[in-house]
$ cat entry_17.pdb   # PDB, C-alpha atoms
ATOM      1  CA  MET E 145     -10.881  -4.752  -8.450
ATOM      2  CA  LEU E 146      -9.065  -4.875  -5.094
ATOM      3  CA  SER E 147      -5.602  -3.484  -4.334
ATOM      4  CA  VAL E 148      -3.838  -3.393  -0.961
ATOM      5  CA  GLU E 149      -0.805  -1.329   0.079
ATOM      6  CA  THR E 150       1.081  -2.153   3.297
ATOM      7  CA  ARG E 151       2.471   0.607   5.541
ATOM      8  CA  HIS E 152       4.946  -0.333   8.281
ATOM      9  CA  ALA E 153       5.273   1.514  11.586
ATOM     10  CA  ILE E 154       7.841   4.327  11.779
ATOM     11  CA  HIS E 155       9.829   5.299  14.877
ATOM     12  CA  PRO E 156       9.638   9.030  15.731
ATOM     13  CA  GLU E 157      13.424   9.374  15.583
ATOM     14  CA  THR E 158      13.293   8.059  12.015
ATOM     15  CA  ALA E 159      10.415  10.360  11.089
ATOM     16  CA  LYS E 160      12.554  13.369  12.085
ATOM     17  CA  THR E 161      14.879  12.600   9.155
ATOM     18  CA  PHE E 162      12.145  12.463   6.496
ATOM     19  CA  ASP E 163      11.787  15.014   3.743
ATOM     20  CA  THR E 164       8.387  15.801   2.226
ATOM     21  CA  THR E 165       8.520  12.858  -0.180
ATOM     22  CA  ASN E 166       9.164  10.339   2.583
ATOM     23  CA  LEU E 167       6.601  11.887   4.930
ATOM     24  CA  ARG E 168       3.968  11.484   2.247
ATOM     25  CA  LYS E 169       5.120   7.963   1.397
ATOM     26  CA  HIS E 170       4.583   6.757   4.958
ATOM     27  CA  PHE E 171       1.760   8.916   6.347
ATOM     28  CA  HIS E 172      -0.249  10.423   3.478
ATOM     29  CA  VAL E 173      -3.533   8.758   2.465
ATOM     30  CA  GLY E 174      -4.556   9.584  -1.070
ATOM     31  CA  ASP E 175      -5.904   8.151  -4.311
ATOM     32  CA  ILE E 176      -8.168   5.690  -2.464
ATOM     33  CA  PHE E 177     -11.409   6.657  -4.230
ATOM     34  CA  LYS E 178     -11.300   5.265  -7.765
ATOM     35  CA  ASP E 179     -14.359   4.390  -9.840
ATOM     36  CA  GLY E 180     -14.903   0.641  -9.968
ATOM     37  CA  GLU E 181     -12.192  -0.146  -7.394
ATOM     38  CA  ILE E 182     -11.618  -1.020  -3.749
ATOM     39  CA  LYS E 183      -8.295   0.388  -2.545
ATOM     40  CA  LEU E 184      -7.008  -0.434   0.946
ATOM     41  CA  ILE E 185      -4.002   0.565   3.044
ATOM     42  CA  TYR E 186      -3.055  -2.069   5.624
ATOM     43  CA  THR E 187      -1.114  -0.317   8.384
ATOM     44  CA  HIS E 188       1.045  -1.772  11.141
ATOM     45  CA  TYR E 189      -0.365   0.824  13.556
ATOM     46  CA  ASP E 190      -2.744  -1.357  15.593
ATOM     47  CA  ARG E 191      -3.379  -3.237  12.304
ATOM     48  CA  MET E 192      -5.788  -0.517  11.175
ATOM     49  CA  ILE E 193      -7.000  -0.722   7.584
ATOM     50  CA  VAL E 194      -8.136   2.436   5.784
ATOM     51  CA  GLY E 195      -9.463   2.537   2.248
ATOM     52  CA  GLY E 196     -12.144   3.413  -0.230
ATOM     53  CA  ALA E 197     -14.723   1.699  -2.421
ATOM     54  CA  VAL E 198     -16.430   3.434  -5.340
ATOM     55  CA  PRO E 199     -18.904   1.168  -7.151
ATOM     56  CA  ALA E 200     -19.786   3.994  -9.589
ATOM     57  CA  GLY E 201     -23.213   2.532 -10.252
ATOM     58  CA  GLY E 202     -21.920  -1.040 -10.363
ATOM     59  CA  THR E 203     -21.168  -3.588  -7.650
ATOM     60  CA  LEU E 204     -17.952  -4.222  -5.687
ATOM     61  CA  THR E 205     -17.350  -7.023  -3.183
ATOM     62  CA  LEU E 206     -14.844  -7.038  -0.312
ATOM     63  CA  ASP E 207     -14.151 -10.515   0.997
ATOM     64  CA  HIS E 208     -10.712 -12.183   1.070
ATOM     65  CA  VAL E 209      -7.806  -9.858   1.894
ATOM     66  CA  LYS E 210      -4.532 -11.761   1.912
ATOM     67  CA  GLU E 211      -2.881  -9.374   4.364
ATOM     68  CA  CYS E 212      -5.463 -10.255   7.059
ATOM     69  CA  GLY E 213      -4.574 -13.954   6.994
ATOM     70  CA  THR E 214      -8.205 -15.112   7.130
ATOM     71  CA  ALA E 215     -10.655 -16.433   4.575
ATOM     72  CA  SER E 216     -12.774 -13.260   4.786
ATOM     73  CA  ILE E 217     -11.901  -9.800   6.087
ATOM     74  CA  LEU E 218     -14.515  -9.885   8.874
ATOM     75  CA  ASP E 219     -13.588 -13.312  10.241
ATOM     76  CA  ARG E 220     -11.476 -11.654  12.978
ATOM     77  CA  ARG E 221     -12.176  -7.969  12.377
ATOM     78  CA  GLU E 222     -14.798  -5.266  12.796
ATOM     79  CA  LEU E 223     -15.343  -2.635  10.112
ATOM     80  CA  VAL E 224     -16.903   0.793   9.650
ATOM     81  CA  VAL E 225     -18.159   2.186   6.351
ATOM     82  CA  VAL E 226     -18.713   5.943   5.959
ATOM     83  CA  ASN E 227     -20.535   7.236   2.899
ATOM     84  CA  ILE E 228     -19.097  10.555   1.705
ATOM     85  CA  GLY E 229     -20.890  10.483  -1.671
ATOM     86  CA  GLY E 230     -24.358   9.926  -3.097
ATOM     87  CA  ASP E 231     -26.903   7.370  -1.999
ATOM     88  CA  GLY E 232     -25.606   3.819  -1.959
ATOM     89  CA  THR E 233     -26.172   0.359  -0.588
ATOM     90  CA  VAL E 234     -23.939  -1.904   1.507
ATOM     91  CA  GLU E 235     -24.827  -5.567   1.921
ATOM     92  CA  ALA E 236     -23.270  -7.868   4.540
ATOM     93  CA  ASP E 237     -25.321  -9.588   7.259
ATOM     94  CA  ALA E 238     -28.225  -7.417   6.038
ATOM     95  CA  THR E 239     -28.848  -4.757   3.397
ATOM     96  CA  TYR E 240     -28.183  -1.157   4.447
ATOM     97  CA  THR E 241     -29.102   1.986   2.486
ATOM     98  CA  MET E 242     -26.706   4.836   3.175
ATOM     99  CA  GLY E 243     -26.912   8.546   2.458
ATOM    100  CA  LYS E 244     -24.070  11.032   2.662
ATOM    101  CA  GLY E 245     -22.657  11.256   6.177
ATOM    102  CA  ASP E 246     -24.114   7.952   7.371
ATOM    103  CA  MET E 247     -21.888   5.376   9.100
ATOM    104  CA  LEU E 248     -22.315   1.606   9.178
ATOM    105  CA  TYR E 249     -20.682  -0.600  11.814
ATOM    106  CA  LEU E 250     -20.212  -4.259  10.826
ATOM    107  CA  GLY E 251     -19.320  -6.666  13.606
ATOM    108  CA  MET E 252     -16.919  -9.593  13.462
ATOM    109  CA  GLY E 253     -18.394 -12.419  11.391
ATOM    110  CA  ALA E 254     -20.817 -10.245   9.386
ATOM    111  CA  GLY E 255     -19.573 -11.881   6.158
ATOM    112  CA  LYS E 256     -18.432 -10.499   2.848
ATOM    113  CA  ILE E 257     -19.322  -6.892   2.042
ATOM    114  CA  THR E 258     -20.923  -5.704  -1.202
ATOM    115  CA  PHE E 259     -21.044  -2.043  -2.236
ATOM    116  CA  SER E 260     -23.385  -0.629  -4.873
ATOM    117  CA  GLY E 261     -24.993   2.611  -6.004
ATOM    118  CA  ALA E 262     -23.613   6.142  -6.158
ATOM    119  CA  GLY E 263     -21.855   6.094  -2.778
ATOM    120  CA  ARG E 264     -18.216   6.899  -2.134
ATOM    121  CA  PHE E 265     -17.463   4.560   0.735
ATOM    122  CA  TYR E 266     -14.630   5.190   3.206
ATOM    123  CA  ILE E 267     -13.538   1.949   4.896
ATOM    124  CA  LEU E 268     -12.001   1.523   8.357
ATOM    125  CA  SER E 269     -11.216  -1.820   9.995
ATOM    126  CA  ALA E 270      -9.390  -3.137  13.066
ATOM    127  CA  PRO E 271      -8.961  -6.566  14.695
ATOM    128  CA  ALA E 272     -11.846  -7.665  16.917
ATOM    129  CA  HIS E 273     -12.102 -10.024  19.894
ATOM    130  CA  HIS E 274     -15.888 -10.124  20.233
ATOM    131  CA  THR E 275     -18.924  -9.894  17.959
ATOM    132  CA  TYR E 276     -21.051  -6.812  18.486
ATOM    133  CA  PRO E 277     -24.273  -6.223  16.505
ATOM    134  CA  SER E 278     -23.980  -4.456  13.177
ATOM    135  CA  ARG E 279     -25.641  -1.053  13.162
ATOM    136  CA  LEU E 280     -26.395   1.690  10.654
ATOM    137  CA  ILE E 281     -26.202   5.135  12.251
ATOM    138  CA  LYS E 282     -27.696   7.987  10.243
ATOM    139  CA  ILE E 283     -25.972  11.326  10.706
ATOM    140  CA  GLU E 284     -29.064  12.749  12.394
ATOM    141  CA  GLU E 285     -28.884   9.908  14.960
ATOM    142  CA  ALA E 286     -25.267  10.557  15.953
ATOM    143  CA  ALA E 287     -24.424  12.204  19.256
ATOM    144  CA  ASN E 288     -23.027  15.673  18.648
ATOM    145  CA  VAL E 289     -20.987  18.199  20.562
ATOM    146  CA  LYS E 290     -20.414  21.819  19.562
ATOM    147  CA  LEU E 291     -16.964  23.222  20.343
ATOM    148  CA  GLY E 292     -14.810  26.239  19.561
ATOM    149  CA  SER E 293     -15.787  29.722  18.475
ATOM    150  CA  GLN E 294     -15.718  32.040  15.492
ATOM    151  CA  GLU E 295     -13.203  34.224  17.326
ATOM    152  CA  THR E 296     -10.629  31.403  17.394
ATOM    153  CA  SER E 297     -11.503  30.151  13.878
ATOM    154  CA  ASN E 298     -12.471  26.695  15.166
ATOM    155  CA  GLU E 299     -16.254  26.664  15.518
ATOM    156  CA  ARG E 300     -17.187  23.058  14.822
ATOM    157  CA  THR E 301     -19.621  20.219  15.467
ATOM    158  CA  ILE E 302     -18.263  16.815  16.484
ATOM    159  CA  TYR E 303     -20.511  13.915  15.479
ATOM    160  CA  GLN E 304     -19.941  10.734  17.476
ATOM    161  CA  PHE E 305     -20.987   7.536  15.707
ATOM    162  CA  VAL E 306     -19.017   4.450  16.761
ATOM    163  CA  HIS E 307     -18.360   5.764  20.239
ATOM    164  CA  PRO E 308     -18.925   4.466  23.810
ATOM    165  CA  ASP E 309     -21.733   7.009  24.310
ATOM    166  CA  VAL E 310     -23.579   5.637  21.268
ATOM    167  CA  MET E 311     -22.764   1.931  20.834
ATOM    168  CA  LYS E 312     -20.289  -0.825  21.690
ATOM    169  CA  SER E 313     -17.303  -1.853  19.588
ATOM    170  CA  CYS E 314     -14.078  -3.743  20.204
ATOM    171  CA  GLN E 315     -11.442  -1.208  19.163
ATOM    172  CA  LEU E 316     -12.842   1.203  16.620
ATOM    173  CA  VAL E 317     -13.942   4.689  17.674
ATOM    174  CA  VAL E 318     -15.122   6.712  14.687
ATOM    175  CA  GLY E 319     -16.709  10.106  14.235
ATOM    176  CA  MET E 320     -16.907  13.155  12.046
ATOM    177  CA  THR E 321     -16.126  16.818  12.642
ATOM    178  CA  LYS E 322     -17.718  19.554  10.536
ATOM    179  CA  LEU E 323     -16.282  23.058  10.651
ATOM    180  CA  ALA E 324     -18.552  26.089  10.414
ATOM    181  CA  THR E 325     -18.174  28.572   7.576
ATOM    182  CA  GLY E 326     -15.192  30.799   8.284
ATOM    183  CA  SER E 327     -13.536  28.336  10.681
ATOM    184  CA  ILE E 328     -10.411  26.456   9.671
ATOM    185  CA  TRP E 329      -8.710  24.897  12.745
ATOM    186  CA  ASN E 330      -9.364  21.456  14.180
ATOM    187  CA  THR E 331      -7.994  19.741  17.304
ATOM    188  CA  MET E 332      -5.991  22.701  18.558
ATOM    189  CA  PRO E 333      -4.659  22.769  21.271
ATOM    190  CA  ALA E 334      -3.300  19.451  20.103
ATOM    191  CA  HIS E 335      -2.943  16.170  21.928
ATOM    192  CA  VAL E 336      -1.394  12.722  21.589
ATOM    193  CA  HIS E 337      -2.650   9.325  22.797
ATOM    194  CA  ASP E 338       0.082   6.746  23.125
ATOM    195  CA  ARG E 339      -2.409   3.898  23.561
ATOM    196  CA  ARG E 340      -4.231   4.483  20.263
ATOM    197  CA  MET E 341      -3.398   5.357  16.671
ATOM    198  CA  GLU E 342      -5.654   7.601  14.593
ATOM    199  CA  ALA E 343      -6.546   8.097  10.940
ATOM    200  CA  TYR E 344      -7.950  11.272   9.369
ATOM    201  CA  LEU E 345      -9.825  11.826   6.106
ATOM    202  CA  TYR E 346     -10.618  15.368   4.934
ATOM    203  CA  PHE E 347     -13.544  15.898   2.576
ATOM    204  CA  ASP E 348     -16.022  18.566   1.443
ATOM    205  CA  LEU E 349     -12.950  20.731   0.825
ATOM    206  CA  PRO E 350     -13.733  23.013  -2.137
ATOM    207  CA  GLU E 351     -11.908  22.624  -5.444
ATOM    208  CA  GLY E 352      -8.508  24.314  -5.368
ATOM    209  CA  GLN E 353      -8.407  24.534  -1.558
ATOM    210  CA  ARG E 354      -6.066  22.606   0.757
ATOM    211  CA  ALA E 355      -5.852  21.317   4.306
ATOM    212  CA  PHE E 356      -2.549  21.500   6.186
ATOM    213  CA  HIS E 357      -2.428  18.458   8.463
ATOM    214  CA  MET E 358      -0.059  18.870  11.403
ATOM    215  CA  MET E 359       1.796  15.795  12.640
ATOM    216  CA  GLY E 360       4.987  14.796  14.437
ATOM    217  CA  GLU E 361       6.117  14.883  18.039
ATOM    218  CA  PRO E 362       4.934  18.028  19.846
ATOM    219  CA  ASP E 363       8.419  19.547  19.887
ATOM    220  CA  GLU E 364       9.268  18.397  16.336
ATOM    221  CA  THR E 365       6.198  19.007  14.188
ATOM    222  CA  ARG E 366       5.796  18.365  10.459
ATOM    223  CA  HIS E 367       2.931  18.897   8.038
ATOM    224  CA  LEU E 368       1.214  17.297   5.058
ATOM    225  CA  VAL E 369      -0.615  19.329   2.416
ATOM    226  CA  LEU E 370      -3.855  17.542   1.511
ATOM    227  CA  LYS E 371      -6.564  18.060  -1.064
ATOM    228  CA  ASN E 372     -10.183  16.931  -0.953
ATOM    229  CA  GLU E 373     -10.736  13.253  -0.057
ATOM    230  CA  GLU E 374      -7.187  12.797   1.220
ATOM    231  CA  GLY E 375      -6.003  12.071   4.727
ATOM    232  CA  ALA E 376      -3.260  10.996   7.084
ATOM    233  CA  ILE E 377      -2.202   8.037   9.197
ATOM    234  CA  SER E 378      -1.341   9.333  12.660
ATOM    235  CA  PRO E 379       0.997   7.232  14.862
ATOM    236  CA  PRO E 380       0.375   7.191  18.630
ATOM    237  CA  TRP E 381       3.378   9.462  19.212
ATOM    238  CA  SER E 382       2.142  12.144  16.807
ATOM    239  CA  ILE E 383      -0.105  15.146  17.191
ATOM    240  CA  HIS E 384      -3.007  15.271  14.720
ATOM    241  CA  SER E 385      -4.363  18.686  13.980
ATOM    242  CA  GLY E 386      -5.133  20.696  10.897
ATOM    243  CA  ALA E 387      -6.020  23.982   9.283
ATOM    244  CA  GLY E 388      -7.572  24.584   5.887
ATOM    245  CA  THR E 389      -7.705  27.369   3.351
ATOM    246  CA  ALA E 390     -11.499  26.921   3.598
ATOM    247  CA  ASN E 391     -13.835  25.107   5.993
ATOM    248  CA  TYR E 392     -14.110  21.330   5.579
ATOM    249  CA  THR E 393     -15.310  18.132   7.210
ATOM    250  CA  PHE E 394     -13.087  15.313   8.410
ATOM    251  CA  ILE E 395     -13.518  11.766   9.648
ATOM    252  CA  TRP E 396     -11.442  10.628  12.617
ATOM    253  CA  ALA E 397     -10.947   6.991  13.536
ATOM    254  CA  MET E 398      -8.973   5.362  16.339
ATOM    255  CA  ALA E 399      -7.921   1.843  17.295
ATOM    256  CA  GLY E 400      -5.766   0.560  20.138
ATOM    257  CA  ASP E 401      -5.824  -0.452  23.787
ATOM    258  CA  ASN E 402      -9.120   1.197  24.730
ATOM    259  CA  VAL E 403     -12.131   3.104  23.430
ATOM    260  CA  ASP E 404     -11.883   5.972  25.935
ATOM    261  CA  TYR E 405     -12.285   9.103  23.814
ATOM    262  CA  LYS E 406     -10.876  11.236  26.647
ATOM    263  CA  ASP E 407      -7.734   9.124  27.196
ATOM    264  CA  VAL E 408      -5.339  11.730  25.778
ATOM    265  CA  GLU E 409      -2.265  13.688  26.775
ATOM    266  CA  MET E 410      -2.871  17.371  26.067
ATOM    267  CA  VAL E 411      -0.109  19.421  24.448
ATOM    268  CA  SER E 412       0.216  23.031  25.529
ATOM    269  CA  MET E 413       0.774  25.777  22.978
ATOM    270  CA  GLU E 414       4.086  26.530  24.716
ATOM    271  CA  THR E 415       5.307  22.985  23.999
ATOM    272  CA  LEU E 416       4.687  23.073  20.242
ATOM    273  CA  ARG E 417       7.705  23.566  18.021
TER     274      ARG E 417
END

$ encode --input "entry_17.pdb" --output "structure tokens"
Amino acid sequence: MLSVETRHAIHPETAKTFDTTNLRKHFHVGDIFKDGEIKLIYTHYDRMIVGGAVPAGGTLTLDHVKECGTASILDRRELVVVNIGGDGTVEADATYTMGKGDMLYLGMGAGKITFSGAGRFYILSAPAHHTYPSRLIKIEEAANVKLGSQETSNERTIYQFVHPDVMKSCQLVVGMTKLATGSIWNTMPAHVHDRRMEAYLYFDLPEGQRAFHMMGEPDETRHLVLKNEEGAISPPWSIHSGAGTANYTFIWAMAGDNVDYKDVEMVSMETLR
């Protein structure tokens, strides 16, 4: 079963008027992991698609998506699959076995995509202009950078998967950040990047705990309260930072004008409101 929700782009002046209900309606990502279903959100931020597929021991196929305007989703797109569950299999131009934390890049033209096994598959897709080779990247093969400290509650490891230092892609830049025990903050000091949108997914958040995702313009911030396996769509004008009531892992994904991970505008603590 496939379902697709469309999210239109929101101007920052409009976002300032939103209450909690409207903030969640436009920016919250939730309820995308349902047994036996593929659930997608088609956004008008750089035409990024985010979603989930949970075969639950069966088989699910992702092929025609009306919103893309092509016969098959990968006819003019690239796509990344991240497994946040048990062992599973993804079949497209080849058959790939994925464990928890593994990422699979599928290039434009790789064909229809079939999911099976016990995986919980997070899906990210953006338009593509060139075909790059598909590639499965195991978590132990990802580049990683350790940042932060216990003293500032942000000791974390950043895993770079679909990233210029690891492989080529058209638009997508995707990685994962894992916080150490006792650390709760990510991406603070905050930044924005007007040339790229970003999507977050928080997972491995213990039962009953929550992540507070910070968004909005630097001088007009808002927040979303998220539970495990929920996330946020972050417009180019918005900060994207978070703090949890326990440590967690999150997936970050960007699409836009370039794939330069360092092409950001830093936001000083004094600027935040």

$ residues_around --input "entry_17.pdb" --residues "range 293-304 of chain E" --least-positions-apart "6" --cutoff "9 Å" --atoms "only C-alpha atoms" --output "PyMOL selection string"
chain E and resi 283+286-287+310+317-332

$ residues_around --input "entry_17.pdb" --residues "Ile176 in chain E" --least-positions-apart "5" --cutoff "10 Å" --atoms "only C-alpha atoms" --output "list in words"
Ser147, Glu181, Ile182, Lys183, Leu184, Ile185, Val194, Gly195, Gly196, Ala197, Val198, Phe265, Tyr266, Ile267, Glu373, Glu374 and Gly375 of chain E

$ resolve_selection --input "entry_17.pdb" --expression "the PyMOL selection byres ((chain E and resi 372) around 8)" --output "tab-separated table (two decimals) with C-alpha atoms, in the frame of the given file"
chain	number	residue	atom	x	y	z
E	346	TYR	CA	-10.62	15.37	4.93
E	347	PHE	CA	-13.54	15.90	2.58
E	348	ASP	CA	-16.02	18.57	1.44
E	349	LEU	CA	-12.95	20.73	0.82
E	350	PRO	CA	-13.73	23.01	-2.14
E	351	GLU	CA	-11.91	22.62	-5.44
E	353	GLN	CA	-8.41	24.53	-1.56
E	354	ARG	CA	-6.07	22.61	0.76
E	370	LEU	CA	-3.86	17.54	1.51
E	371	LYS	CA	-6.56	18.06	-1.06
E	373	GLU	CA	-10.74	13.25	-0.06
E	374	GLU	CA	-7.19	12.80	1.22

$ resolve_selection --input "entry_17.pdb" --expression "the PyMOL selection byres ((chain E and resi 243) around 8)" --output "number ranges by chain"
E: 227, 229-232, 241-242, 244-246, 263, 282

$ residues_near_point --input "entry_17.pdb" --point "(-21.1, -0.5, 8.7)" --cutoff "7 Å" --atoms "only C-alpha atoms" --output "list in words"
Leu223, Val224, Val225, Met247, Leu248, Tyr249, Leu250, Ser278, Arg279 and Leu280 of chain E

$ resolve_selection --input "entry_17.pdb" --expression "the PyMOL selection byres ((chain E and resi 203) around 6)" --output "VMD selection string"
chain E and resid 199 202 204 259 to 260

$ closest_residue --input "entry_17.pdb" --among "E:Thr393, E:Thr214, E:Thr187, E:Thr365" --to "Ile154 in chain E" --atoms "only C-alpha atoms"
E:Thr187

$ residues_near_point --input "entry_17.pdb" --point "(-6.7, 7.7, 8.8)" --cutoff "7 Å" --atoms "all atoms listed in the file" --output "list in words"
Val194, Glu342, Ala343, Tyr344, Leu345, Gly375, Ala376, Ile377, Ser378, Trp396 and Ala397 of chain E

$ closest_residue --input "entry_17.pdb" --among "E:Leu291, E:Leu368, E:Met359, E:Met145" --to "Arg168 in chain E" --atoms "all atoms listed in the file"
E:Leu368

$ closest_residue --input "entry_17.pdb" --among "E:Glu235, E:Asp338, E:Asp175, E:Glu211" --to "Thr150 in chain E" --atoms "all atoms listed in the file"
E:Glu211

$ atom_distance --input "entry_17.pdb" --atom1 "CA of Thr275 in chain E" --atom2 "CA of Tyr189 in chain E"
21.9 Å

$ atom_distance --input "entry_17.pdb" --atom1 "CA of Asn166 in chain E" --atom2 "CA of His367 in chain E"
11.9 Å

$ atom_distance --input "entry_17.pdb" --atom1 "CA of Leu218 in chain E" --atom2 "CA of Asp237 in chain E"
10.9 Å
